[in-house]
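Down below is the structure, laid out as C-alpha cells.
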Amino acid sequence: MPSTCVFGAQWGDEGKGKIIDRMATDADQVVRYQGGANAGHTVVVAGEKFVLHLIPSGILHPGKVNLIGNGVALDPVALLAEVDGLRERGVHVDGSNLRLSASAHVIFDHHRVMDNLAERWKGEGRIGTTGRGIGPCYADKASRTGLRVGDLLDEERLAPRLKAALAEKNAWITEVHDEPPCDYEVELQRFRELGKRLAPFVGDVGAELRDAYAAGSMVLFEGAQGAMLDIDHGTYPFVTSSNTGTAGVAAGAGFPANKLEGAIGIAKAYCTRVGEGPFPTEDHGDEGQKIRDEGNEYGATTGRPRRCGWFDAVAVRYALELNGATGLIVTNLDVLSAFDTLRIATGYRIAGEVVERYPVDVDLDELEPIYESHPGWGEDVTGARTWDELPARAQAYVKRLEELVGTPIVMLSIGPERDQVIPLAALIPELAKGGA
Ligand code: IMP
C-alpha cells in the first residue's frame, strides 16, 4: 500500500526493526513519527547487527529517504553518535538520505537529569523509564516551554529560550531534589555546536512527505515502543509519553490521517515487557526464564533483562483493533521450539467474572489470565521458508493466534536474518476480507 504504518502490538521490542527493514525495500520514504532514543530497533544484515535508536531502518537501504518527524523527541547527541557509528561501518548517511524536522523537540542534558530524578522521587512507584529524557522533553512540549530543532540553529532564539527553560528546571533540580544545577553556559555551548552539526539534515519533513506521497511515493511509518505503552491507550501511568500507533502518524509526521492506508501490527509469539507496570501473562518462574534465555530477551537500549511470559491474545486483539490493523506479523516463533507445552491467554478473570475484551479501567495486577495449552512442536523452524515447511503443531498454534486476535497474520518471522520469514496468505479466509 502507498502508505503503511508498522506498529508494536504489545509492550515494545516486538521485532519491528527487522520487519521495517524488510518492508523498506518497497518504500521510498521511511519515517519515524514519535518516541526517541528510548527505542532500539535491531536489524541483522548478512550476519552484521545494527541497533538503530533514532534513525529510521531504511538507512540500511541505499537510495531510501529517511525522515524524522516533528513528533520525535530528538536527542542530538544520540542522533549524531548514530550517524557517526553508521558511517564508520560504511553506511552512507548525509542530508540526501536523512532529514529531520525543524519542529521536533530537543532533548537537552537537563531532560535526562530530570528523567532520573523523577524516577528516584517516585521510588517504589517508578515507571522504569529508559532514562533518555523522553518524559521531561514531551512534558515541556505540552507546557510550551520546550525548544525545537529549529531553535538550535538560530542563536537569537536559542540563548534566551534555553536560559528561561533552565532557570525553571534548575529551581526544580536544586530545590525539590537537592541536586546541583545544570550549567547554562555549558549546555548553550554544547547545543550550539550540536545544532551546527545537525543543520545539514534539517528541513520541513511534513511538506516533503506530503509532496512525495502526492507524487506517488511509497511511505512507510516506523512506530517505536508498542500499543500497550501508548500514553492514552496503554497501561497508564506505566507507559511512554507519546502515541505509539497509527494515531501518532498524523500529528507526529504532518501526514493527513485519512491518507494512511495500511497498518501492520507486530507481536512476538509470546510476550515481553521492560520496566515496571502491569503484565498479565508474565511468568516469574522457570518458563519465563527459559523464554528470556531462548529469546535472548535483554533490552537493545538499556541491556535490562526483559520480563517474559505467554502470548496475551486479549491485549493483542485490543492493540490491533485500536490501531485499525490490516494485518499482523508474528515474530520469534522459533523461540518457542524449545517448549513442550505452550500457553495462550484467551481471556482474563476479574473479580470472578470472565472478560475477553481488554479492560481499560482496571488494576491489571488484580486480574488472572485464563490460559489454554498447546503442545509444542519440538523441532527447529529457523530454516522454514513456507507454511508447508512448518510442523503441523506450529501451524496449529499460529492459526489459533489468528483466530483469537481476529486479524490476518500476513507473515511469520523465524530468526533474526532478513530472509528468515514466511509470508502468509489468508490462513482464515473470512479474516482476510476484513482486517481487525
Ligand atoms: P520512557 O519511554 O523512557 O519514558 O520509558 C517509559 C516506559 O516505556 C518504560 O517502561 C520503558 O521500559 C518503556 N519503553 C520505552 N521505550 C521502549 C522500547 O523501545 N521498548 C520497550 N519498552 C520501552
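Just remember, in the C-alpha cells the first chain shown is A, the second B, etc., residues are 1-based per chain, and ligands are 1-based in the order shown.
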
Taking 2 positions as the minimum chain separation for residues in the same chain, which residues sit within 6 Å of region 102-114 of chain A when counting only C-alpha atoms? Answer as a list in words.
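In the requested format, the answer is Asn70, Gly71, Val72, Ala73, Leu74, Asp75, Asn116, Leu117, Ala118, Arg132, Gly133, Pro136, Cys137, Leu147, Arg148, Val149, Gly150, Val202 and Gly203 of chain A.
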
Sorted by chain and rising residue number, list the residues of region 173-277 of chain A at most 10 Å from region 4-19 of chain A (counting only C-alpha atoms), each with its closest atom pair and distance in Å to one decimal, as a tab-separated table.
residue	atom	partner	partner_atom	distance
A:Met218	CA	A:Thr4	CA	8.3
A:Val219	CA	A:Thr4	CA	6.5
A:Leu220	CA	A:Thr4	CA	5.1
A:Phe221	CA	A:Cys5	CA	4.4
A:Glu222	CA	A:Val6	CA	5.4
A:Gly223	CA	A:Phe7	CA	4.6
A:Ala224	CA	A:Phe7	CA	6.8
A:Gln225	CA	A:Gly12	CA	4.1
A:Gly226	CA	A:Gly8	CA	4.0
A:Ala227	CA	A:Ala9	CA	5.2
A:Met228	CA	A:Trp11	CA	5.1
A:Leu229	CA	A:Trp11	CA	5.7
A:Asp230	CA	A:Trp11	CA	8.9
A:Gly234	CA	A:Trp11	CA	8.7
A:Thr235	CA	A:Trp11	CA	9.4
A:Val239	CA	A:Trp11	CA	8.9
A:Thr244	CA	A:Phe7	CA	7.1
A:Gly245	CA	A:Phe7	CA	5.4
A:Thr246	CA	A:Cys5	CA	6.4
A:Ala247	CA	A:Cys5	CA	9.9
A:Gly248	CA	A:Cys5	CA	9.9
A:Val249	CA	A:Cys5	CA	7.9
A:Lys259	CA	A:Thr4	CA	9.5
A:Leu260	CA	A:Thr4	CA	6.3
A:Glu261	CA	A:Thr4	CA	5.8
A:Gly262	CA	A:Thr4	CA	4.2
A:Ala263	CA	A:Cys5	CA	4.8
A:Ile264	CA	A:Val6	CA	4.8
A:Gly265	CA	A:Phe7	CA	5.1
A:Ile266	CA	A:Gly8	CA	5.0
A:Ala267	CA	A:Glu14	CA	5.2
A:Lys268	CA	A:Glu14	CA	5.3
A:Ala269	CA	A:Glu14	CA	9.1
A:Tyr270	CA	A:Glu14	CA	9.5
A:Cys271	CA	A:Gln10	CA	7.2
A:Thr272	CA	A:Trp11	CA	6.7
A:Arg273	CA	A:Trp11	CA	5.4
A:Val274	CA	A:Trp11	CA	7.8
A:Gly275	CA	A:Trp11	CA	9.9

Selected residue of minimal separation from Thr326 (chain A) among A:Ala345, A:Ile409, A:Asp365, A:Ser241, counting only C-alpha atoms
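Between A:Ala345, A:Ile409, A:Asp365, A:Ser241, the residue approaching Thr326 (chain A) most closely is A:Ile409.
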
Helix (DSSP H, G or I) per DSSP on the backbone: members of region 338-421 of chain A, as a list of chain:residue names:
A:Ala338, A:Leu364, A:Asp365, A:Glu366, A:Trp387, A:Asp388, A:Glu389, A:Ala392, A:Arg393, A:Ala394, A:Gln395, A:Ala396, A:Tyr397, A:Val398, A:Lys399, A:Arg400, A:Leu401, A:Glu402, A:Glu403, A:Leu404, A:Val405

Apply DSSP to the backbone of this structure and, from region 87-226 of chain A, keep only the residues in strand (DSSP E); write these as an MDAnalysis selection string.
chainID A and resid 98:101 105:106 202:203 219:222

Produce a table with one row for each residue of region 246-319 of chain A that has an atom at most 10 Å from any atom of region 390-404 of chain A, each row naming the nearest atom pair and its distance in Å at one decimal; use only C-alpha atoms; arrange rows by chain and rising residue number; format as a tab-separated table.
residue	atom	partner	partner_atom	distance
A:Ala269	CA	A:Val398	CA	8.3
A:Phe311	CA	A:Leu401	CA	8.6
A:Asp312	CA	A:Leu401	CA	9.5
A:Ala313	CA	A:Leu404	CA	6.1
A:Val314	CA	A:Leu404	CA	8.1
A:Val316	CA	A:Leu404	CA	9.2
A:Arg317	CA	A:Leu404	CA	7.4

Can I get the selected residues back with N, CA, C and O atoms, as a PDB file, in the first residue's frame?
ATOM      1  N   ALA A 269       5.536 -14.133  19.317  1.00  0.00           N
ATOM      2  CA  ALA A 269       4.706 -15.322  19.520  1.00  0.00           C
ATOM      3  C   ALA A 269       4.493 -15.594  21.007  1.00  0.00           C
ATOM      4  O   ALA A 269       3.749 -16.477  21.394  1.00  0.00           O
ATOM      5  N   PHE A 311       1.812 -15.415  25.242  1.00  0.00           N
ATOM      6  CA  PHE A 311       1.056 -14.554  24.320  1.00  0.00           C
ATOM      7  C   PHE A 311      -0.277 -14.183  24.962  1.00  0.00           C
ATOM      8  O   PHE A 311      -1.029 -15.052  25.400  1.00  0.00           O
ATOM      9  N   ASP A 312      -0.552 -12.889  24.973  1.00  0.00           N
ATOM     10  CA  ASP A 312      -1.783 -12.389  25.579  1.00  0.00           C
ATOM     11  C   ASP A 312      -2.717 -11.964  24.443  1.00  0.00           C
ATOM     12  O   ASP A 312      -2.609 -10.860  23.901  1.00  0.00           O
ATOM     13  N   ALA A 313      -3.625 -12.856  24.075  1.00  0.00           N
ATOM     14  CA  ALA A 313      -4.497 -12.586  22.920  1.00  0.00           C
ATOM     15  C   ALA A 313      -5.463 -11.435  23.201  1.00  0.00           C
ATOM     16  O   ALA A 313      -5.887 -10.732  22.277  1.00  0.00           O
ATOM     17  N   VAL A 314      -5.786 -11.218  24.483  1.00  0.00           N
ATOM     18  CA  VAL A 314      -6.709 -10.121  24.818  1.00  0.00           C
ATOM     19  C   VAL A 314      -6.041  -8.776  24.514  1.00  0.00           C
ATOM     20  O   VAL A 314      -6.617  -7.898  23.866  1.00  0.00           O
ATOM     21  N   VAL A 316      -3.370  -8.191  22.599  1.00  0.00           N
ATOM     22  CA  VAL A 316      -3.014  -8.010  21.183  1.00  0.00           C
ATOM     23  C   VAL A 316      -4.262  -7.687  20.356  1.00  0.00           C
ATOM     24  O   VAL A 316      -4.237  -6.810  19.485  1.00  0.00           O
ATOM     25  N   ARG A 317      -5.360  -8.346  20.660  1.00  0.00           N
ATOM     26  CA  ARG A 317      -6.608  -8.053  19.937  1.00  0.00           C
ATOM     27  C   ARG A 317      -7.002  -6.575  20.127  1.00  0.00           C
ATOM     28  O   ARG A 317      -7.372  -5.877  19.191  1.00  0.00           O
TER      29      ARG A 317
END

Just the residues within 6 Å of region 373-376 of chain A, please, counting only C-alpha atoms, with nothing from its chain fewer than 4 positions along; format it as a PDB file with C-alpha atoms, in the first residue's frame.
ATOM      1  CA  PHE A 339       8.974 -25.730  24.826  1.00  0.00           C
ATOM      2  CA  ASP A 340       6.985 -28.927  25.320  1.00  0.00           C
ATOM      3  CA  THR A 341       3.822 -27.030  26.144  1.00  0.00           C
ATOM      4  CA  LEU A 342       2.811 -23.507  25.160  1.00  0.00           C
ATOM      5  CA  ARG A 343       0.167 -21.292  26.677  1.00  0.00           C
TER       6      ARG A 343
END

Separation of CA of Arg144 (chain A) from CA of Phe255 (chain A) in Å
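Value for the CA of Phe255 (chain A)-CA of Arg144 (chain A) distance: 22.3 Å.
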